[in-house]
>>> print(open('my_file-v3.pdb').read())   # PDB, C-alpha atoms, pLDDT in the B column
ATOM      1  CA  MET X 247     121.576  90.632  69.675  1.00 40.00           C
ATOM      2  CA  ARG X 248     120.584  92.582  72.815  1.00 36.00           C
ATOM      3  CA  THR X 249     120.898  91.047  76.273  1.00 39.00           C
ATOM      4  CA  VAL X 250     119.003  91.975  79.397  1.00 37.00           C
ATOM      5  CA  SER X 251     120.087  91.568  82.994  1.00 36.00           C
ATOM      6  CA  ASP X 252     117.281  90.965  85.466  1.00 37.00           C
ATOM      7  CA  ALA X 253     117.708  92.934  88.716  1.00 35.00           C
ATOM      8  CA  HIS X 254     115.772  90.352  90.733  1.00 31.00           C
ATOM      9  CA  TYR X 255     118.124  87.551  89.727  1.00 31.00           C
ATOM     10  CA  PRO X 256     121.687  88.869  89.879  1.00 39.00           C
ATOM     11  CA  GLY X 257     123.951  87.193  87.370  1.00 40.00           C
ATOM     12  CA  PHE X 258     121.059  86.092  85.171  1.00 36.00           C
ATOM     13  CA  ILE X 259     121.484  87.180  81.568  1.00 40.00           C
ATOM     14  CA  ARG X 260     118.892  86.519  78.916  1.00 38.00           C
ATOM     15  CA  THR X 261     120.663  85.465  75.746  1.00 41.00           C
ATOM     16  CA  ALA X 262     117.622  85.053  73.525  1.00 41.00           C
ATOM     17  CA  PRO X 263     116.882  88.070  71.370  1.00 43.00           C
ATOM     18  CA  ILE X 264     114.177  90.405  72.565  1.00 39.00           C
ATOM     19  CA  ARG X 265     111.534  90.524  69.893  1.00 40.00           C
ATOM     20  CA  PRO X 266     109.177  93.439  69.433  1.00 40.00           C
ATOM     21  CA  ARG X 267     105.564  92.784  70.337  1.00 41.00           C
ATOM     22  CA  ARG X 268     103.202  91.993  67.523  1.00 43.00           C
ATOM     23  CA  ALA X 269     100.753  94.784  66.788  1.00 42.00           C
ATOM     24  CA  TRP X 270      97.142  93.609  67.035  1.00 40.00           C
ATOM     25  CA  PRO X 271      94.708  94.760  64.377  1.00 46.00           C
ATOM     26  CA  LEU X 272      92.158  97.283  65.639  1.00 41.00           C
ATOM     27  CA  ALA X 273      89.229  94.951  64.928  1.00 43.00           C
ATOM     28  CA  THR X 274      90.772  92.229  67.133  1.00 41.00           C
ATOM     29  CA  LEU X 275      91.330  94.669  70.002  1.00 37.00           C
ATOM     30  CA  LEU X 276      87.768  95.975  69.716  1.00 39.00           C
ATOM     31  CA  ALA X 277      86.317  92.444  69.715  1.00 41.00           C
ATOM     32  CA  ALA X 278      88.384  91.475  72.768  1.00 41.00           C
ATOM     33  CA  THR X 279      87.290  94.629  74.617  1.00 39.00           C
ATOM     34  CA  LEU X 280      83.614  93.932  73.926  1.00 37.00           C
ATOM     35  CA  LEU X 281      83.990  90.307  75.021  1.00 38.00           C
ATOM     36  CA  LEU X 282      85.671  91.306  78.285  1.00 38.00           C
ATOM     37  CA  ALA X 283      83.043  93.974  78.933  1.00 38.00           C
ATOM     38  CA  ALA X 284      80.292  91.378  78.541  1.00 37.00           C
ATOM     39  CA  CYS X 285      82.049  89.065  81.010  1.00 37.00           C
ATOM     40  CA  GLY X 286      81.920  91.734  83.706  1.00 37.00           C
ATOM     41  CA  ARG X 287      78.130  92.165  83.708  1.00 33.00           C
ATOM     42  CA  ASP X 288      76.495  91.703  87.114  1.00 36.00           C
ATOM     43  CA  ASP X 289      74.195  88.949  85.880  1.00 33.00           C
ATOM     44  CA  VAL X 290      77.161  86.995  84.539  1.00 30.00           C
ATOM     45  CA  ARG X 291      79.591  87.329  87.452  1.00 31.00           C
ATOM     46  CA  PRO X 292      78.335  88.989  90.644  1.00 32.00           C
ATOM     47  CA  SER X 293      80.839  91.192  92.455  1.00 35.00           C
ATOM     48  CA  GLY X 294      79.819  90.179  95.980  1.00 40.00           C
ATOM     49  CA  GLY X 295      78.591  87.128  97.781  1.00 45.00           C
ATOM     50  CA  PRO X 296      80.250  83.986  99.065  1.00 49.00           C
ATOM     51  CA  GLY X 297      82.403  83.352  95.967  1.00 50.00           C
ATOM     52  CA  ALA X 298      83.932  86.837  95.837  1.00 55.00           C
ATOM     53  CA  GLN X 299      87.596  87.251  96.679  1.00 70.00           C
ATOM     54  CA  ARG X 300      88.363  89.893  99.259  1.00 82.00           C
ATOM     55  CA  HIS X 301      91.011  92.570  99.115  1.00 87.00           C
ATOM     56  CA  TRP X 302      94.101  91.707 101.139  1.00 92.00           C
ATOM     57  CA  PRO X 303      95.995  94.859 102.173  1.00 92.00           C
ATOM     58  CA  VAL X 304      99.777  94.751 102.128  1.00 92.00           C
ATOM     59  CA  VAL X 305     101.076  94.958 105.684  1.00 94.00           C
ATOM     60  CA  GLN X 306     104.813  95.417 106.048  1.00 94.00           C
ATOM     61  CA  PRO X 307     106.386  92.982 108.529  1.00 93.00           C
ATOM     62  CA  ALA X 308     108.485  94.466 111.335  1.00 91.00           C
ATOM     63  CA  ASP X 309     111.527  92.541 110.033  1.00 96.00           C
ATOM     64  CA  PRO X 310     111.149  92.336 106.233  1.00 96.00           C
ATOM     65  CA  ALA X 311     114.357  90.329 105.728  1.00 97.00           C
ATOM     66  CA  ALA X 312     113.334  87.628 108.211  1.00 97.00           C
ATOM     67  CA  ALA X 313     109.775  87.505 106.861  1.00 97.00           C
ATOM     68  CA  ASN X 314     111.060  87.246 103.290  1.00 97.00           C
ATOM     69  CA  ALA X 315     113.405  84.391 104.242  1.00 98.00           C
ATOM     70  CA  VAL X 316     110.497  82.476 105.818  1.00 98.00           C
ATOM     71  CA  VAL X 317     108.186  83.078 102.848  1.00 98.00           C
ATOM     72  CA  MET X 318     110.773  82.151 100.200  1.00 98.00           C
ATOM     73  CA  ARG X 319     111.735  78.964 102.045  1.00 98.00           C
ATOM     74  CA  ALA X 320     108.099  77.960 102.486  1.00 98.00           C
ATOM     75  CA  ILE X 321     107.359  78.528  98.796  1.00 98.00           C
ATOM     76  CA  SER X 322     110.458  76.534  97.824  1.00 98.00           C
ATOM     77  CA  LEU X 323     108.945  73.497  99.575  1.00 98.00           C
ATOM     78  CA  VAL X 324     105.740  73.480  97.496  1.00 98.00           C
ATOM     79  CA  GLY X 325     105.399  70.007  95.984  1.00 97.00           C
ATOM     80  CA  THR X 326     107.060  68.173  98.890  1.00 98.00           C
ATOM     81  CA  PRO X 327     104.965  65.114  99.824  1.00 97.00           C
ATOM     82  CA  TYR X 328     102.693  65.157 102.873  1.00 97.00           C
ATOM     83  CA  ARG X 329     103.606  62.722 105.631  1.00 96.00           C
ATOM     84  CA  TYR X 330     101.933  62.568 109.029  1.00 96.00           C
ATOM     85  CA  GLY X 331     104.555  63.472 111.637  1.00 96.00           C
ATOM     86  CA  GLY X 332     106.965  64.521 108.870  1.00 97.00           C
ATOM     87  CA  ASN X 333     109.353  67.397 109.433  1.00 97.00           C
ATOM     88  CA  THR X 334     111.978  67.292 106.662  1.00 97.00           C
ATOM     89  CA  PRO X 335     111.962  67.873 102.909  1.00 98.00           C
ATOM     90  CA  GLU X 336     113.383  64.384 102.393  1.00 97.00           C
ATOM     91  CA  GLY X 337     110.800  62.629 104.563  1.00 96.00           C
ATOM     92  CA  GLY X 338     107.811  64.881 103.881  1.00 97.00           C
ATOM     93  CA  PHE X 339     105.822  67.249 106.071  1.00 97.00           C
ATOM     94  CA  ASP X 340     102.650  67.512 108.039  1.00 97.00           C
ATOM     95  CA  CYS X 341     101.328  71.037 108.625  1.00 98.00           C
ATOM     96  CA  SER X 342     103.128  71.827 111.880  1.00 98.00           C
ATOM     97  CA  GLY X 343     106.259  69.973 110.746  1.00 98.00           C
ATOM     98  CA  LEU X 344     106.447  72.331 107.750  1.00 98.00           C
ATOM     99  CA  VAL X 345     106.088  75.419 109.966  1.00 98.00           C
ATOM    100  CA  ASN X 346     108.707  74.131 112.407  1.00 98.00           C
ATOM    101  CA  TYR X 347     111.153  73.245 109.654  1.00 98.00           C
ATOM    102  CA  VAL X 348     110.874  76.627 107.892  1.00 98.00           C
ATOM    103  CA  TYR X 349     111.255  78.730 111.055  1.00 98.00           C
ATOM    104  CA  ASP X 350     114.124  76.593 112.369  1.00 98.00           C
ATOM    105  CA  ASP X 351     115.906  76.508 109.001  1.00 98.00           C
ATOM    106  CA  MET X 352     115.602  80.221 108.257  1.00 98.00           C
ATOM    107  CA  LEU X 353     115.553  81.910 111.682  1.00 97.00           C
ATOM    108  CA  ASP X 354     116.978  79.227 114.018  1.00 97.00           C
ATOM    109  CA  LEU X 355     113.697  79.467 115.929  1.00 96.00           C
ATOM    110  CA  ARG X 356     112.232  76.407 117.603  1.00 96.00           C
ATOM    111  CA  LEU X 357     108.457  76.476 117.838  1.00 97.00           C
ATOM    112  CA  PRO X 358     105.898  74.149 119.450  1.00 97.00           C
ATOM    113  CA  ARG X 359     105.291  70.991 117.398  1.00 96.00           C
ATOM    114  CA  THR X 360     101.501  70.818 117.051  1.00 97.00           C
ATOM    115  CA  SER X 361      99.093  73.238 115.388  1.00 97.00           C
ATOM    116  CA  ARG X 362      97.162  73.570 118.673  1.00 96.00           C
ATOM    117  CA  ASP X 363     100.351  74.435 120.597  1.00 96.00           C
ATOM    118  CA  LEU X 364     101.419  76.859 117.857  1.00 97.00           C
ATOM    119  CA  ALA X 365      98.064  78.669 118.176  1.00 95.00           C
ATOM    120  CA  ALA X 366      98.670  79.012 121.940  1.00 94.00           C
ATOM    121  CA  TYR X 367     102.296  80.157 121.429  1.00 93.00           C
ATOM    122  CA  GLN X 368     103.309  83.600 122.634  1.00 85.00           C
ATOM    123  CA  GLY X 369     102.815  86.461 120.248  1.00 81.00           C
ATOM    124  CA  PRO X 370      99.951  88.712 119.312  1.00 82.00           C
ATOM    125  CA  ARG X 371      96.821  87.425 117.568  1.00 86.00           C
ATOM    126  CA  ILE X 372      96.433  89.153 114.224  1.00 91.00           C
ATOM    127  CA  ALA X 373      93.182  90.174 112.536  1.00 92.00           C
ATOM    128  CA  ALA X 374      92.818  88.807 108.986  1.00 92.00           C
ATOM    129  CA  GLU X 375      93.026  92.306 107.469  1.00 93.00           C
ATOM    130  CA  ARG X 376      96.374  92.896 109.243  1.00 95.00           C
ATOM    131  CA  LEU X 377      98.159  89.731 108.047  1.00 97.00           C
ATOM    132  CA  ALA X 378     101.791  90.212 107.044  1.00 97.00           C
ATOM    133  CA  ALA X 379     104.048  87.799 105.191  1.00 97.00           C
ATOM    134  CA  SER X 380     105.313  85.008 107.502  1.00 97.00           C
ATOM    135  CA  ASP X 381     102.352  85.153 109.933  1.00 97.00           C
ATOM    136  CA  LEU X 382     100.931  81.789 110.924  1.00 97.00           C
ATOM    137  CA  VAL X 383      97.311  81.165 109.906  1.00 97.00           C
ATOM    138  CA  PHE X 384      95.173  78.637 111.778  1.00 97.00           C
ATOM    139  CA  PHE X 385      92.144  76.574 110.842  1.00 97.00           C
ATOM    140  CA  GLY X 386      89.725  74.362 112.716  1.00 96.00           C
ATOM    141  CA  SER X 387      86.166  74.160 113.958  1.00 93.00           C
ATOM    142  CA  ARG X 388      84.240  74.513 117.220  1.00 90.00           C
ATOM    143  CA  GLY X 389      87.177  76.273 118.882  1.00 87.00           C
ATOM    144  CA  ASN X 390      89.699  73.529 118.084  1.00 94.00           C
ATOM    145  CA  VAL X 391      92.742  74.335 115.968  1.00 96.00           C
ATOM    146  CA  THR X 392      93.583  71.433 113.672  1.00 96.00           C
ATOM    147  CA  HIS X 393      95.690  72.983 110.900  1.00 97.00           C
ATOM    148  CA  VAL X 394      98.333  75.673 110.375  1.00 98.00           C
ATOM    149  CA  GLY X 395      99.997  77.356 107.405  1.00 98.00           C
ATOM    150  CA  ILE X 396     102.382  80.225 106.628  1.00 98.00           C
ATOM    151  CA  TYR X 397     100.865  83.384 105.129  1.00 98.00           C
ATOM    152  CA  VAL X 398     102.817  84.579 102.080  1.00 98.00           C
ATOM    153  CA  GLY X 399     100.758  87.636 101.064  1.00 96.00           C
ATOM    154  CA  GLU X 400      97.865  88.541  98.774  1.00 95.00           C
ATOM    155  CA  GLY X 401      95.507  86.220 100.665  1.00 97.00           C
ATOM    156  CA  ARG X 402      97.643  83.116 100.032  1.00 98.00           C
ATOM    157  CA  PHE X 403      99.341  80.663 102.367  1.00 98.00           C
ATOM    158  CA  VAL X 404     101.656  77.641 102.124  1.00 98.00           C
ATOM    159  CA  HIS X 405     100.690  74.493 103.998  1.00 98.00           C
ATOM    160  CA  ALA X 406     100.861  70.703 104.055  1.00 97.00           C
ATOM    161  CA  PRO X 407      97.169  69.835 103.770  1.00 93.00           C
ATOM    162  CA  SER X 408      96.524  66.099 103.926  1.00 89.00           C
ATOM    163  CA  SER X 409      97.559  62.519 103.366  1.00 84.00           C
ATOM    164  CA  GLY X 410      98.249  61.726  99.739  1.00 86.00           C
ATOM    165  CA  GLY X 411      98.830  65.399  98.941  1.00 94.00           C
ATOM    166  CA  THR X 412     101.802  67.704  98.776  1.00 97.00           C
ATOM    167  CA  VAL X 413     102.828  71.021 100.295  1.00 98.00           C
ATOM    168  CA  ARG X 414     100.888  73.614  98.341  1.00 97.00           C
ATOM    169  CA  LEU X 415      99.902  77.247  98.011  1.00 97.00           C
ATOM    170  CA  ASP X 416      96.214  77.996  98.634  1.00 97.00           C
ATOM    171  CA  ARG X 417      93.968  81.042  99.025  1.00 97.00           C
ATOM    172  CA  LEU X 418      92.395  82.011 102.336  1.00 97.00           C
ATOM    173  CA  ASP X 419      89.306  82.876 100.246  1.00 95.00           C
ATOM    174  CA  GLY X 420      88.923  79.233  99.213  1.00 95.00           C
ATOM    175  CA  HIS X 421      85.605  77.754 100.338  1.00 93.00           C
ATOM    176  CA  TYR X 422      87.013  75.344 102.927  1.00 94.00           C
ATOM    177  CA  TRP X 423      89.721  77.663 104.267  1.00 96.00           C
ATOM    178  CA  ARG X 424      87.399  80.675 104.572  1.00 95.00           C
ATOM    179  CA  ASP X 425      84.861  78.604 106.510  1.00 95.00           C
ATOM    180  CA  HIS X 426      87.442  77.050 108.863  1.00 96.00           C
ATOM    181  CA  TYR X 427      89.767  80.050 109.447  1.00 96.00           C
ATOM    182  CA  SER X 428      90.270  80.489 113.176  1.00 95.00           C
ATOM    183  CA  GLY X 429      92.933  83.206 113.449  1.00 95.00           C
ATOM    184  CA  ALA X 430      96.583  84.119 113.014  1.00 96.00           C
ATOM    185  CA  LYS X 431      99.706  84.752 115.053  1.00 96.00           C
ATOM    186  CA  ARG X 432     102.721  86.907 114.318  1.00 95.00           C
ATOM    187  CA  ILE X 433     105.987  85.121 115.011  1.00 94.00           C
ATOM    188  CA  VAL X 434     108.429  87.456 113.211  1.00 91.00           C
ATOM    189  CA  ARG X 435     108.528  90.717 115.146  1.00 83.00           C
TER     190      ARG X 435
END
>>> encode(input="my_file-v3.pdb", output="structure tokens")
Amino acid sequence: MRTVSDAHYPGFIRTAPIRPRRAWPLATLLAATLLLAACGRDDVRPSGGPGAQRHWPVVQPADPAAANAVVMRAISLVGTPYRYGGNTPEGGFDCSGLVNYVYDDMLDLRLPRTSRDLAAYQGPRIAAERLAASDLVFFGSRGNVTHVGIYVGEGRFVHAPSSGGTVRLDRLDGHYWRDHYSGAKRIVR
């Protein structure tokens, strides 16, 4: 039996045997290729328009280790219950409580408590195409910021969205988030 060590998880050893992949018959591969080609036709799935997902360039943070710590901690909290005014994993989080907890826990950085105050916090405003992991993303309407999340890359962010929900990972391209996006700030510099 062969074993494989995974470089991303030091100390992890897979003990199950590695099985060779099953060879697919040529007819099956051809049928799958034709089916996928048909799915890509313009009249079936348009490439542009309001439902299209945009390309999110990878922007390296100035401090990759700090940004990675923030992102990994935020992702680890996915599934934690939402609670208005909450700021701990045990008690639940609201959106700004989540941001405050993650930055304090990982970087010993105390930030303003509300999403509005976080949006006004020192630090450069970032254009959407220049987002880097750990940037704060803000949402609202008519010039008012009402929500904040932590950008984790590839157009996704972690946030505590609403009562009855849990901390979750969403896409900035999502209908609601795209329409209510109001900007971003870089905290890790």
>>> atom_distance(input="my_file-v3.pdb", atom1="CA of Ala373 in chain X", atom2="CA of Phe339 in chain X")
27.0 Å
>>> resolve_selection(input="my_file-v3.pdb", expression="the PyMOL selection byres ((chain X and resi 306-313) around 9)", output="list in words")
Val304, Val305, Asn314, Ala315, Val316, Val317, Met318, Met352, Leu353, Leu377, Ala378, Ala379, Ser380, Asp381, Val398, Val434 and Arg435 of chain X
>>> residues_around(input="my_file-v3.pdb", residues="Arg359 in chain X", least_positions_apart="6", cutoff="9 Å", atoms="all atoms listed in the file", output="list of chain:residue names")
X:Ser342, X:Gly343, X:Val345, X:Asn346
>>> resolve_selection(input="my_file-v3.pdb", expression="the PyMOL selection byres ((chain X and resi 385-397) around 7)", output="list in words")
Cys341, Ser342, Val345, Ser361, Arg362, Ala379, Ser380, Asp381, Leu382, Val383, Phe384, Val398, Gly399, Arg402, Phe403, Val404, His405, His426, Tyr427 and Ser428 of chain X
>>> atom_distance(input="my_file-v3.pdb", atom1="CA of Leu364 in chain X", atom2="CA of Ile433 in chain X")
9.9 Å
>>> resolve_selection(input="my_file-v3.pdb", expression="the PyMOL selection byres ((chain X and resi 322-337) around 6)", output="NGL selection string")
:X and (319-321 or 338-340 or 343-344 or 406 or 409 or 411-414)
>>> axis_aligned_box(input="my_file-v3.pdb", around="range 413-422 of chain X", padding_each_side="4 Å", output="AutoDock Vina command-line options")
--center_x 94.2 --center_y 76.9 --center_z 100.5 --size_x 25.2 --size_y 19.9 --size_z 12.9
>>> closest_residue(input="my_file-v3.pdb", among="X:Ile372, X:Val348, X:Leu418, X:Ala366", to="Arg300 in chain X", atoms="all atoms listed in the file")
X:Leu418
>>> atom_distance(input="my_file-v3.pdb", atom1="CA of Arg371 in chain X", atom2="CA of His421 in chain X")
22.7 Å
